[in-house]
Each structure stands twice: as C-alpha cells, then as structure tokens.
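To be precise, the following lines are entry20.csv, and they hold CSV, C-alpha atoms.
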chain,number,residue,atom,x,y,z
A,13,MET,CA,-28.5,27.7,-1.6
A,14,SER,CA,-32.2,28.2,-1.1
A,15,LYS,CA,-33.5,27.1,2.3
A,16,ALA,CA,-36.3,25.1,0.7
A,17,VAL,CA,-35.0,21.7,1.6
A,18,THR,CA,-34.1,22.4,5.2
A,19,ALA,CA,-37.3,24.3,5.7
A,20,ALA,CA,-39.4,21.4,4.4
A,21,LEU,CA,-37.4,19.1,6.7
A,22,LYS,CA,-38.0,21.2,9.7
A,23,GLU,CA,-41.7,21.4,8.9
A,24,LYS,CA,-42.1,17.7,8.2
A,25,PHE,CA,-40.0,16.4,11.2
A,26,PRO,CA,-40.1,19.1,13.9
A,27,ASP,CA,-38.8,16.8,16.6
A,28,ALA,CA,-36.2,14.9,14.7
A,29,VAL,CA,-34.5,17.8,12.9
A,30,GLN,CA,-32.8,19.7,15.7
A,31,GLU,CA,-30.8,22.5,14.1
A,32,VAL,CA,-30.7,23.9,10.6
A,33,TYR,CA,-27.9,26.1,9.4
A,34,GLU,CA,-26.1,27.2,6.3
A,35,GLY,CA,-22.6,25.7,6.2
A,36,VAL,CA,-19.4,27.1,4.8
A,37,GLY,CA,-19.8,27.4,1.0
A,38,GLY,CA,-23.5,27.7,1.3
A,39,ASP,CA,-24.6,24.1,1.7
A,40,ASP,CA,-27.8,23.5,3.6
A,41,CYS,CA,-27.0,21.4,6.7
A,42,ALA,CA,-29.2,19.8,9.3
A,43,PHE,CA,-28.6,18.0,12.6
A,44,VAL,CA,-30.9,14.9,12.6
A,45,LYS,CA,-31.7,12.7,15.6
A,46,LYS,CA,-30.2,9.2,15.5
A,47,ASP,CA,-33.6,7.4,15.7
A,48,ALA,CA,-35.1,9.3,12.8
A,49,VAL,CA,-32.4,8.8,10.2
A,50,ALA,CA,-34.2,6.1,8.3
A,51,GLU,CA,-37.4,8.1,8.1
A,52,VAL,CA,-35.8,11.4,7.1
A,53,CYS,CA,-33.7,9.6,4.4
A,54,ARG,CA,-36.7,7.8,3.0
A,55,PHE,CA,-38.6,11.2,2.8
A,56,LEU,CA,-35.7,12.9,1.1
A,57,LYS,CA,-35.4,10.1,-1.5
A,58,GLU,CA,-39.0,9.5,-2.3
A,59,ASP,CA,-40.8,12.9,-2.0
A,60,PRO,CA,-41.1,14.4,-5.5
A,61,ALA,CA,-40.2,17.8,-4.2
A,62,MET,CA,-37.0,16.5,-2.7
A,63,ALA,CA,-35.9,13.7,-5.1
A,64,PHE,CA,-32.4,13.1,-3.7
A,65,ASN,CA,-31.4,10.3,-5.9
A,66,MET,CA,-27.7,10.2,-5.1
A,67,ALA,CA,-25.6,9.9,-1.9
A,68,PRO,CA,-22.1,11.0,-3.1
A,69,TYR,CA,-20.5,10.7,0.3
A,70,VAL,CA,-21.2,9.3,3.6
A,71,THR,CA,-18.5,9.6,6.3
A,72,ALA,CA,-17.9,9.8,10.0
A,73,VAL,CA,-16.1,12.2,12.4
A,74,ASP,CA,-14.6,11.4,15.7
A,75,TYR,CA,-15.0,14.2,18.3
A,76,LEU,CA,-12.9,12.7,21.0
A,77,GLY,CA,-13.7,14.2,24.4
A,78,GLN,CA,-17.2,15.4,23.4
A,79,GLU,CA,-20.4,13.7,24.1
A,80,PRO,CA,-21.8,12.2,21.9
A,81,ARG,CA,-18.5,11.3,20.5
A,82,PHE,CA,-19.1,10.3,16.9
A,83,GLU,CA,-20.9,11.9,14.1
A,84,VAL,CA,-22.0,10.4,10.8
A,85,VAL,CA,-22.4,12.8,7.9
A,86,TYR,CA,-24.6,12.1,4.9
A,87,ASN,CA,-24.1,14.3,1.8
A,88,LEU,CA,-27.1,14.0,-0.6
A,89,VAL,CA,-27.6,15.4,-4.1
A,90,SER,CA,-30.6,15.6,-6.4
A,91,THR,CA,-29.5,15.4,-10.0
A,92,GLN,CA,-33.1,16.1,-11.1
A,93,LEU,CA,-33.7,19.2,-9.1
A,94,ASN,CA,-30.1,20.3,-8.7
A,95,HIS,CA,-29.9,20.8,-5.0
A,96,ARG,CA,-28.0,19.2,-2.2
A,97,VAL,CA,-28.2,18.8,1.6
A,98,ARG,CA,-26.0,17.6,4.4
A,99,LEU,CA,-27.3,15.6,7.3
A,100,ARG,CA,-25.3,15.3,10.5
A,101,VAL,CA,-26.2,12.6,12.9
A,102,LYS,CA,-24.6,12.4,16.4
A,103,VAL,CA,-23.8,8.9,17.5
A,104,PRO,CA,-22.8,8.2,21.2
A,105,GLU,CA,-20.0,5.8,21.9
A,106,SER,CA,-22.4,3.6,24.0
A,107,ASP,CA,-24.6,2.8,21.1
A,108,LEU,CA,-22.6,2.7,17.9
A,109,SER,CA,-25.3,1.6,15.5
A,110,LEU,CA,-27.3,3.3,12.8
A,111,PRO,CA,-29.9,2.1,10.4
A,112,THR,CA,-28.5,1.5,6.9
A,113,VAL,CA,-29.5,3.5,3.9
A,114,THR,CA,-28.2,1.0,1.3
A,115,HIS,CA,-31.8,0.1,0.3
A,116,LEU,CA,-32.3,3.8,-0.7
A,117,TRP,CA,-28.9,4.5,-2.2
A,118,ARG,CA,-27.0,1.5,-3.4
A,119,GLY,CA,-23.8,3.6,-3.5
A,120,ALA,CA,-23.8,4.0,0.3
A,121,ASP,CA,-22.8,0.4,0.6
A,122,TRP,CA,-19.0,1.0,0.6
A,123,PHE,CA,-19.3,4.2,2.5
A,124,GLU,CA,-21.0,2.5,5.4
A,125,ARG,CA,-18.4,-0.3,5.3
A,126,TYR,CA,-15.7,2.4,5.3
A,127,CYS,CA,-17.3,4.0,8.4
A,128,PHE,CA,-17.4,0.6,10.1
A,129,ASP,CA,-13.8,-0.1,9.1
A,130,MET,CA,-12.3,3.2,10.2
A,131,TYR,CA,-14.6,4.2,13.1
A,132,GLY,CA,-16.4,1.1,14.2
A,133,ILE,CA,-19.9,2.4,13.6
A,134,ARG,CA,-22.2,-0.5,12.7
A,135,PHE,CA,-25.0,-0.1,10.2
A,136,THR,CA,-27.9,-2.4,11.0
A,137,GLY,CA,-29.6,-4.0,8.0
A,138,HIS,CA,-26.5,-3.6,5.8
A,139,PRO,CA,-26.2,-6.6,3.5
A,140,ASP,CA,-22.4,-7.1,3.9
A,141,MET,CA,-21.0,-5.4,7.1
A,142,ARG,CA,-17.3,-6.2,6.6
A,143,ARG,CA,-14.1,-4.1,6.7
A,144,LEU,CA,-13.6,-2.2,3.4
A,145,LEU,CA,-9.9,-1.3,3.4
A,146,MET,CA,-8.1,-3.0,6.3
A,147,TYR,CA,-7.6,-6.7,6.5
A,148,ASP,CA,-9.8,-8.9,8.7
A,149,GLU,CA,-7.0,-9.7,11.1
A,150,PHE,CA,-6.7,-6.0,12.0
A,151,VAL,CA,-7.7,-5.1,15.5
A,152,GLY,CA,-9.3,-1.8,16.2
A,153,HIS,CA,-10.4,1.1,14.1
A,154,PRO,CA,-7.5,3.2,12.8
A,155,LEU,CA,-9.1,6.6,12.2
A,156,ARG,CA,-10.4,6.9,15.7
A,157,LYS,CA,-8.5,9.6,17.5
A,158,ASP,CA,-7.4,7.3,20.3
A,159,TYR,CA,-5.9,4.7,17.9
A,160,PRO,CA,-2.0,5.1,17.9
A,161,LEU,CA,-0.7,6.9,14.8
A,162,LYS,CA,1.9,4.3,14.0
A,163,GLY,CA,-0.1,1.3,15.3
A,164,ARG,CA,1.0,-1.1,12.6
A,165,GLN,CA,-0.2,-4.7,12.7
A,166,PRO,CA,2.1,-6.6,10.3
A,167,LEU,CA,0.6,-9.8,8.8
A,168,THR,CA,4.0,-11.5,8.4
A,169,LYS,CA,7.1,-11.6,10.5
A,170,GLU,CA,9.5,-8.8,9.6
A,171,ARG,CA,13.1,-9.4,8.7
A,172,ASP,CA,15.8,-8.4,11.1
A,173,TYR,CA,18.3,-6.4,9.0
A,174,ARG,CA,21.1,-4.0,9.4
A,175,ASP,CA,19.9,-0.5,9.1
A,176,VAL,CA,22.5,2.2,9.3
A,177,PHE,CA,20.2,5.2,8.7
A,178,ARG,CA,17.0,4.5,10.7
A,179,GLY,CA,18.4,3.0,14.0
A,180,PRO,CA,18.0,-0.6,15.2
A,181,GLY,CA,15.8,-3.3,13.9
A,182,PRO,CA,12.0,-3.6,14.0
A,183,SER,CA,11.7,-4.2,17.7
A,184,GLY,CA,13.4,-1.0,18.8
A,185,ARG,CA,11.9,1.3,16.2
A,186,ASP,CA,8.7,3.4,15.8
B,21,MET,CA,58.6,-28.1,11.8
B,22,ALA,CA,58.3,-24.5,12.6
B,23,GLU,CA,59.9,-23.6,9.3
B,24,THR,CA,57.2,-25.4,7.3
B,25,ASP,CA,54.4,-23.7,9.2
B,26,THR,CA,55.7,-20.3,8.1
B,27,LEU,CA,56.1,-21.2,4.4
B,28,PRO,CA,54.0,-19.2,2.1
B,29,ALA,CA,51.2,-21.0,0.4
B,30,ILE,CA,52.1,-21.9,-3.1
B,31,ALA,CA,49.3,-22.5,-5.6
B,32,THR,CA,49.7,-25.7,-7.6
B,33,ARG,CA,49.2,-25.5,-11.4
B,34,ARG,CA,45.8,-27.2,-11.0
B,35,GLU,CA,44.6,-24.5,-8.6
B,36,GLU,CA,45.9,-21.8,-10.8
B,37,ALA,CA,44.1,-23.2,-13.8
B,38,THR,CA,40.8,-23.6,-11.9
B,39,GLY,CA,41.1,-20.1,-10.5
B,40,PHE,CA,41.6,-18.8,-14.1
B,41,PHE,CA,38.6,-20.7,-15.3
B,42,GLN,CA,36.5,-19.5,-12.4
B,43,LYS,CA,37.3,-15.9,-13.2
B,44,LEU,CA,36.5,-16.5,-16.8
B,45,VAL,CA,33.2,-18.2,-16.1
B,46,SER,CA,32.3,-15.5,-13.5
B,47,LYS,CA,33.0,-12.8,-16.0
B,48,GLY,CA,31.0,-14.5,-18.8
B,49,LEU,CA,28.0,-15.3,-16.6
B,50,GLY,CA,28.0,-11.8,-15.1
B,51,TRP,CA,28.1,-10.2,-18.5
B,52,ALA,CA,25.3,-12.4,-19.8
B,53,ARG,CA,23.1,-11.9,-16.7
B,54,LYS,CA,23.6,-8.1,-16.4
B,55,ASN,CA,22.6,-7.5,-20.0
B,56,SER,CA,19.5,-9.7,-20.1
B,57,LEU,CA,17.6,-8.6,-17.0
B,58,TYR,CA,14.0,-9.7,-17.3
B,59,GLN,CA,12.0,-7.5,-14.9
B,60,TYR,CA,8.8,-8.1,-13.0
B,61,PRO,CA,7.3,-4.6,-12.3
B,62,PHE,CA,5.3,-4.8,-9.0
B,63,VAL,CA,3.6,-1.5,-9.6
B,64,THR,CA,1.3,-0.3,-6.8
B,65,ALA,CA,1.3,3.5,-6.9
B,66,CYS,CA,2.2,6.7,-8.8
B,67,CYS,CA,5.8,5.7,-9.4
B,68,GLY,CA,4.3,3.5,-12.0
B,69,ILE,CA,3.8,6.5,-14.3
B,70,GLU,CA,7.4,7.3,-14.1
B,71,TYR,CA,8.2,3.6,-14.7
B,72,MET,CA,6.2,3.9,-18.0
B,73,SER,CA,8.3,6.8,-19.0
B,74,LEU,CA,11.5,4.8,-18.1
B,75,ALA,CA,10.4,1.9,-20.1
B,76,SER,CA,9.2,3.8,-23.2
B,77,ALA,CA,11.2,5.4,-26.0
B,78,ARG,CA,12.5,8.6,-24.4
B,79,TYR,CA,14.5,7.0,-21.6
B,80,ASP,CA,14.5,3.5,-23.1
B,81,ILE,CA,15.5,1.0,-20.5
B,82,ALA,CA,16.1,-1.3,-23.5
B,83,ARG,CA,19.6,0.2,-23.9
B,84,PHE,CA,20.5,-1.8,-20.8
B,85,GLY,CA,19.0,-5.0,-21.9
B,86,ALA,CA,16.1,-4.8,-19.4
B,87,GLU,CA,13.3,-4.0,-21.8
B,88,VAL,CA,11.2,-7.1,-21.4
B,89,PRO,CA,8.7,-6.9,-18.5
B,90,ARG,CA,7.6,-10.3,-17.6
B,91,PHE,CA,4.2,-10.4,-15.9
B,92,SER,CA,5.0,-13.7,-14.3
B,93,PRO,CA,7.5,-13.7,-11.5
B,94,ARG,CA,8.6,-17.2,-12.5
B,95,GLN,CA,10.1,-15.8,-15.7
B,96,ALA,CA,11.8,-12.8,-14.1
B,97,ASP,CA,15.3,-12.0,-12.8
B,98,LEU,CA,14.7,-8.5,-11.4
B,99,LEU,CA,11.8,-7.5,-9.1
B,100,LEU,CA,11.1,-3.8,-9.4
B,101,VAL,CA,9.0,-2.8,-6.4
B,102,VAL,CA,7.4,0.4,-7.7
B,103,GLY,CA,5.3,2.3,-5.2
B,104,THR,CA,3.9,2.1,-1.6
B,105,ILE,CA,3.6,-1.3,0.0
B,106,ASN,CA,1.1,-1.5,2.8
B,107,CYS,CA,0.7,-4.2,5.4
B,108,LYS,CA,-2.2,-5.8,3.5
B,109,GLN,CA,0.1,-6.3,0.5
B,110,ALA,CA,3.1,-7.5,2.4
B,111,PRO,CA,2.3,-11.3,2.1
B,112,ILE,CA,1.6,-10.8,-1.6
B,113,LEU,CA,5.0,-9.2,-2.3
B,114,GLN,CA,6.7,-11.9,-0.3
B,115,ARG,CA,5.0,-14.6,-2.3
B,116,VAL,CA,5.9,-13.0,-5.6
B,117,TYR,CA,9.5,-12.8,-4.4
B,118,GLU,CA,9.5,-16.4,-3.4
B,119,GLN,CA,8.2,-17.5,-6.8
B,120,MET,CA,11.1,-16.0,-8.6
B,121,ALA,CA,13.8,-18.3,-9.7
B,122,ASP,CA,17.4,-17.8,-8.6
B,123,PRO,CA,19.4,-15.8,-9.3
B,124,LYS,CA,17.2,-12.8,-8.5
B,125,TRP,CA,17.6,-9.2,-7.7
B,126,VAL,CA,15.4,-6.5,-6.2
B,127,ILE,CA,15.3,-2.7,-6.8
B,128,ALA,CA,13.3,-0.6,-4.4
B,129,TYR,CA,11.9,2.1,-6.7
B,130,GLY,CA,11.1,5.4,-5.0
B,131,VAL,CA,11.0,6.4,-1.3
B,132,CYS,CA,7.8,4.6,-0.4
B,133,ALA,CA,9.3,1.2,-1.4
B,134,SER,CA,12.7,2.2,0.2
B,135,SER,CA,11.6,3.5,3.5
B,136,GLY,CA,7.8,4.0,3.6
B,137,GLY,CA,8.2,7.7,2.5
B,138,PHE,CA,6.0,10.1,4.2
B,139,TYR,CA,3.4,7.4,4.9
B,140,ASP,CA,4.5,6.8,8.5
B,141,ASN,CA,1.1,5.6,9.6
B,142,TYR,CA,-0.9,2.6,10.7
B,143,ALA,CA,-1.0,0.9,7.3
B,144,THR,CA,2.3,1.3,5.4
B,145,VAL,CA,5.4,-1.0,5.6
B,146,GLN,CA,8.4,1.1,6.4
B,147,GLY,CA,10.5,-0.1,3.5
B,148,ILE,CA,10.3,-3.3,1.7
B,149,ASP,CA,13.6,-4.4,3.2
B,150,ARG,CA,11.5,-5.4,6.2
B,151,LEU,CA,10.0,-8.1,3.9
B,152,ILE,CA,12.5,-9.1,1.3
B,153,PRO,CA,16.2,-8.5,0.6
B,154,VAL,CA,16.9,-5.4,-1.5
B,155,ASP,CA,19.9,-4.8,-3.8
B,156,VAL,CA,19.5,-1.2,-4.9
B,157,TYR,CA,17.5,1.6,-3.4
B,158,VAL,CA,16.4,4.4,-5.7
B,159,PRO,CA,15.2,7.5,-3.7
B,160,GLY,CA,12.8,10.1,-5.1
B,161,CYS,CA,9.1,10.9,-5.1
B,162,PRO,CA,8.9,9.7,-7.8
B,163,PRO,CA,12.5,9.3,-8.9
B,164,ARG,CA,13.6,10.7,-12.2
B,165,PRO,CA,14.2,8.1,-14.9
B,166,GLU,CA,17.9,9.0,-14.9
B,167,GLN,CA,18.0,8.0,-11.2
B,168,VAL,CA,16.5,4.7,-11.9
B,169,LEU,CA,18.9,4.1,-14.8
B,170,ASP,CA,21.7,5.0,-12.5
B,171,GLY,CA,20.4,2.4,-10.0
B,172,LEU,CA,20.1,-0.1,-12.8
B,173,MET,CA,23.7,0.5,-13.7
B,174,LEU,CA,24.8,0.0,-10.1
B,175,LEU,CA,22.9,-3.3,-10.1
B,176,GLN,CA,24.6,-4.3,-13.3
B,177,GLN,CA,28.0,-3.5,-11.7
B,178,LYS,CA,27.0,-5.7,-8.8
B,179,ILE,CA,26.0,-8.6,-11.0
B,180,GLN,CA,29.2,-8.2,-13.0
B,181,ASP,CA,31.3,-8.4,-9.8
B,182,GLN,CA,29.7,-11.4,-8.4
B,183,GLU,CA,31.8,-14.6,-8.2
B,184,HIS,CA,30.5,-17.9,-9.4
B,185,LYS,CA,32.0,-21.1,-8.2
B,186,LEU,CA,32.9,-23.8,-10.7
B,187,ILE,CA,30.5,-26.7,-10.1
B,188,ASP,CA,33.2,-29.4,-10.0
B,189,ARG,CA,34.8,-27.8,-7.0
B,190,LEU,CA,31.8,-28.1,-4.8
B,191,PRO,CA,31.6,-31.1,-2.5
B,192,ALA,CA,29.4,-34.0,-3.6
B,193,PRO,CA,26.4,-33.6,-1.2
B,194,GLU,CA,25.9,-30.0,-2.4
B,195,LEU,CA,26.0,-31.2,-6.0
B,196,ALA,CA,23.3,-33.7,-5.2
B,197,ARG,CA,21.1,-30.9,-3.9
B,198,GLY,CA,21.6,-29.1,-7.1
B,199,ARG,CA,23.3,-26.0,-5.9

Show me the file's structure as structure tokens.
Amino acid sequence: MSKAVTAALKEKFPDAVQEVYEGVGGDDCAFVKKDAVAEVCRFLKEDPAMAFNMAPYVTAVDYLGQEPRFEVVYNLVSTQLNHRVRLRVKVPESDLSLPTVTHLWRGADWFERYCFDMYGIRFTGHPDMRRLLMYDEFVGHPLRKDYPLKGRQPLTKERDYRDVFRGPGPSGRD
Amino acid sequence: MAETDTLPAIATRREEATGFFQKLVSKGLGWARKNSLYQYPFVTACCGIEYMSLASARYDIARFGAEVPRFSPRQADLLLVVGTINCKQAPILQRVYEQMADPKWVIAYGVCASSGGFYDNYATVQGIDRLIPVDVYVPGCPPRPEQVLDGLMLLQQKIQDQEHKLIDRLPAPELARGR
C-alpha cells in the first residue's frame, strides 16, 4: 500500500502517532497514543483525503507479562478511496478505558462490547456497555491469558450421572 | 413349615392372564410409539445441515415414522439435540426438555452434544447428559445420516423393549396421581 495515509497521520499528529510501519501483507500500521485515539479517528473519518467510512474490525490483544499489557486494534477501510489502515493502541492494565468510536462508526458498537466482554476494556461514552457473548452472571473475562482455559461457570446445577468413559462425575473432572 | 417356605411360587390363572395382557399391551404400545416419533429438532450448529439431509428425500427419516418435526416441544416425543450446547443455552435446553410430555426420549446428535467435542473451553457444556437424560448418543462431526438412522433404530428397539404396567395393577394412590 502507499504510505500516504500513515505519512499524513505522522504529519498531522507528530506526538500522538509513535511508530509507523508496513505490516505483513502490506497493510499500513500505526501505533497511536491512548489519549489521542478520539482525535485521530475523527480526523481519519472526516478528512476528505482520508474518508475512512468503515470500521470492519475492532479487537483487542492480551500481551500478558508486557507493559502495557493490552492493545486495542482498529482496522479501518475507506470504500471511496479504496485504502485501509490499522491503528494499534496500547492500554495499560491500570487504566482499562478508551474513548468510544461508535459515534463515528456505528458498526464499532458490538466490537467494543466484544472487547469489554472478552478482555474487560471499557469504552467511555459507549451507549450500551454490556457483555456481548457471555451471560451477565459470568465473572471475569475469558480471553485474557490468565483466565483458566476450562473455567466454566454453569448457570444450572449439573446432573450427577454414571460416566464410564470420562471418569467420575462433574466434581472430580476437568 | 420349612417345607412350605421352599415351595416354588406357582402363578395363579389370574396372574398368568394379567401377565399375558401386560405383554400384549407393552408390545402394542411399543410398536405404536416407536413408529410415530414426533421429533423436536433443537438445532444449534453445523450438524443441522446434516440433519436436513437426514430429513429430506435421500436419507428419508420418514421410513422410520419420524418425519414430522414439531416446532413445539409440547407436541414432541423425541428431542434431537443437534449441535453444540454452551453454558448460556443450558437453561433453555433444560426448559425445552421439561416442557415435553411423557413419554419422551432424547438423542444426542454429534460429538458436541454427546461430549462437548473439541470445544473443551470456558463456554461449552461437556455433553448434554450433564443437563438432561440421554437415550442414544450418535458420534461424528457431523455424523453421517446412516449413523443417525442407526441410532434411531437403536432407540426404536429400546422403545419396543420397554415394559408397560397395566393400570389396574397399580395401587390406588398412584392411580389418583394419574401415573
């Protein structure tokens, strides 16, 4: 991809955009400071030379053991100018909140709820900050690296039954 | 007195007759029930595609008298749990099972319903037998329709072999409760 988008970002926000590189597959990527996400996203959406009118995927990554621990990744596409960019925002565990982008891209709504559900990152200003996939009774955030792999939290009492293949009943298993 | 204790039990004519009728009724009821299984497909995942193949013309579950899917559990005899059940769905499945009228049977269709399959993670119930009693497990990911037909035939055999008590032999309080 051409470097036009990342170059413009670097020029417009010299402090907020920390590092610019070309990712695997040729996508333009940029590390953006946490405080400047709202501004950068607004610029990318509203500037006519950028015109990113779609956010096809917003997700999060847990780098357990590193500091800052979490990272939120915004993938943006412009269907008018046919270019795309990836913003990576480091989020420390001590302050798990980011400004929402749902007022810019309505489709980011569920992605932000997903990030909250799976990683516990809160998006301030989001209209409906609830869990997306797990049930409300669920405790914890299952895609965090320190959540136990088989940490099931059943909603109803499980039956005690004879199980000849998989060992003793629910209490002794897993 | 000791001699009378060791005497073999001799059935009276009345007991012989009721035994005969019981067998007759059991056979008749079993035959009627096994050939008119109304099913409730609880389809949650990709096994549903294979279920469609099973229900349509090529494999034709109608040959076994189970061709009518009832989309209300209150009208169904057979609960087909087709696909992965996760913890969020567990209360729903239990409620569907409880709504079905007796007599009722359950088939776990595919490995996910039988044992959780390869989803051994934070969200998936490790087999629906943790939630409701299961009669027949059909393995496979997804199972071939032949496997499911085999399972259905096993269930038919089970239904045929069940024993039914004659109502007039039950004690009075149980009759009053309608069992």

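You can rank B:Ala37, B:Leu57, B:Ala75, B:Val101 by their closest distance to Ile152 of chain B using all atoms listed in the file, and at the top of that list sits B:Val101.
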
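Those residues that approach segment 114-117 of chain A to within 10 Å, counting all atoms listed in the file, are A:Ala50, A:Cys53, A:Arg54, A:Leu56, A:Lys57, A:Glu58, A:Phe64, A:Asn65, A:Met66, A:Ala67, A:Pro68, A:Leu88, A:Pro111, A:Ala120, A:Asp121, A:Trp122, A:Phe123, A:Glu124, A:Phe135, A:Gly137, A:His138, A:Pro139; same-chain residues fewer than 3 positions away are not listed.
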
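With all atoms listed in the file as the atoms that count, the minimum distance from Gly68 of chain B to the choices B:Gly147, B:Pro111, B:Pro162, B:Gly85 is reached by B:Pro162.
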
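In this model, the gap between atom CA of Ala28 of chain A and atom CA of Tyr131 of chain A comes to 24.2 Å.
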
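Nearest residue to Asp80 of chain B, choosing from B:Ala128, B:Leu174, B:Leu169, B:Cys67 and counting all atoms listed in the file: B:Leu169.
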
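Selecting chain B residues within 10 Å of chain A and counting all atoms listed in the file yields Asn106, Cys107, Lys108, Gln109, Ala110, Pro111, Gln114, Ser135, Tyr139, Asp140, Asn141, Tyr142, Ala143, Thr144, Val145, Gln146, Ile148, Asp149, Arg150, Leu151, Ile152 and Pro153 of chain B.
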
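Note that atom CA of Glu83 of chain A and atom CA of Ser109 of chain A are 11.3 Å apart.
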
Which neighbours of Lys54 of chain B fall inside 6 Å, counting only C-alpha atoms, when residues of the same chain fewer than 2 positions from it are skipped, and could you give them as an MDAnalysis selection string?
chainID B and resid 50:52 56 176 179

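Across the model, the gap from atom CA of Val97 of chain A to atom CA of Ala42 of chain A is 7.8 Å.
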
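If only C-alpha atoms are the atoms counted, then among B:Leu44, B:Ala133, B:Leu99, B:Ile105 the closest residue to Ala121 of chain B is B:Leu99.
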
Val52 of chain A surroundings by only C-alpha atoms, 10 Å radius, close-in-sequence under 3 positions cut, as a ChimeraX atom specification:
/A:21,24-25,28-29,44-45,47-49,55-57,99

Contacts of Arg164 of chain B at 10 Å or less, counting only C-alpha atoms, minus same-chain residues fewer than 3 places along, as number ranges by chain?
B: 67, 70-71, 73-74, 130, 158-161, 167-170

Can you pull out the residues contacting Gly38 of chain A? Cut-off 12 Å, using all atoms listed in the file, and skip same-chain residues under 4 positions away; I want them as JSON, numbers by chain.
{"A": [13, 14, 15, 33, 34, 95, 96, 97, 98]}

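Comparing A:Lys157, A:Gln30, A:Leu110, A:Val85 by their smallest distance to Ala72 of chain A, the closest is A:Val85 (using only C-alpha atoms).
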
Which one of B:Val156, B:Ala86, B:Val45, B:Ala65 sits closest to Lys185 of chain B if you count all atoms listed in the file?
B:Val45

Kindly reconstruct segment 115-138 of chain A with N, CA and C atoms and present the result as a short mmCIF file (atom, residue, chain, number, x, y, z; two decimals), in the frame of the given file.
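The resulting selection-v1.cif:
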data_model
loop_
_atom_site.label_atom_id
_atom_site.label_comp_id
_atom_site.auth_asym_id
_atom_site.auth_seq_id
_atom_site.Cartn_x
_atom_site.Cartn_y
_atom_site.Cartn_z
N HIS A 115 -30.59 0.46 1.08
CA HIS A 115 -31.80 0.10 0.30
C HIS A 115 -32.28 1.35 -0.47
N LEU A 116 -31.91 2.55 0.00
CA LEU A 116 -32.30 3.80 -0.70
C LEU A 116 -31.27 4.17 -1.75
N TRP A 117 -30.00 4.17 -1.32
CA TRP A 117 -28.90 4.50 -2.20
C TRP A 117 -27.93 3.36 -2.24
N ARG A 118 -27.85 2.64 -3.33
CA ARG A 118 -27.00 1.50 -3.40
C ARG A 118 -25.49 1.88 -3.20
N GLY A 119 -25.19 3.11 -3.61
CA GLY A 119 -23.80 3.60 -3.50
C GLY A 119 -23.34 3.81 -2.09
N ALA A 120 -24.26 3.84 -1.13
CA ALA A 120 -23.80 4.00 0.30
C ALA A 120 -23.22 2.79 0.86
N ASP A 121 -23.29 1.69 0.14
CA ASP A 121 -22.80 0.40 0.60
C ASP A 121 -21.34 0.51 1.12
N TRP A 122 -20.46 0.91 0.23
CA TRP A 122 -19.00 1.00 0.60
C TRP A 122 -18.74 2.07 1.60
N PHE A 123 -19.50 3.16 1.54
CA PHE A 123 -19.30 4.20 2.50
C PHE A 123 -19.59 3.75 3.92
N GLU A 124 -20.63 2.97 4.05
CA GLU A 124 -21.00 2.50 5.40
C GLU A 124 -19.96 1.44 5.84
N ARG A 125 -19.47 0.63 4.90
CA ARG A 125 -18.40 -0.30 5.30
C ARG A 125 -17.15 0.44 5.69
N TYR A 126 -16.88 1.55 5.00
CA TYR A 126 -15.70 2.40 5.30
C TYR A 126 -15.87 2.94 6.76
N CYS A 127 -17.07 3.44 7.08
CA CYS A 127 -17.30 4.00 8.40
C CYS A 127 -17.12 2.90 9.48
N PHE A 128 -17.56 1.69 9.15
CA PHE A 128 -17.40 0.60 10.10
C PHE A 128 -15.88 0.27 10.25
N ASP A 129 -15.18 0.24 9.13
CA ASP A 129 -13.80 -0.10 9.10
C ASP A 129 -12.95 0.90 9.94
N MET A 130 -13.16 2.17 9.65
CA MET A 130 -12.30 3.20 10.20
C MET A 130 -12.76 3.70 11.57
N TYR A 131 -14.06 3.66 11.85
CA TYR A 131 -14.60 4.20 13.10
C TYR A 131 -15.31 3.22 13.97
N GLY A 132 -15.68 2.07 13.41
CA GLY A 132 -16.40 1.10 14.20
C GLY A 132 -17.85 1.34 14.39
N ILE A 133 -18.45 2.13 13.50
CA ILE A 133 -19.90 2.40 13.60
C ILE A 133 -20.61 1.32 12.77
N ARG A 134 -21.50 0.59 13.40
CA ARG A 134 -22.20 -0.50 12.70
C ARG A 134 -23.50 0.01 12.11
N PHE A 135 -23.80 -0.47 10.91
CA PHE A 135 -25.00 -0.10 10.20
C PHE A 135 -25.94 -1.31 10.21
N THR A 136 -27.03 -1.26 10.95
CA THR A 136 -27.90 -2.40 11.00
C THR A 136 -28.72 -2.53 9.74
N GLY A 137 -28.84 -3.75 9.26
CA GLY A 137 -29.60 -4.00 8.00
C GLY A 137 -28.68 -3.94 6.78
N HIS A 138 -27.39 -3.62 6.97
CA HIS A 138 -26.50 -3.60 5.80
C HIS A 138 -26.25 -5.03 5.32
#
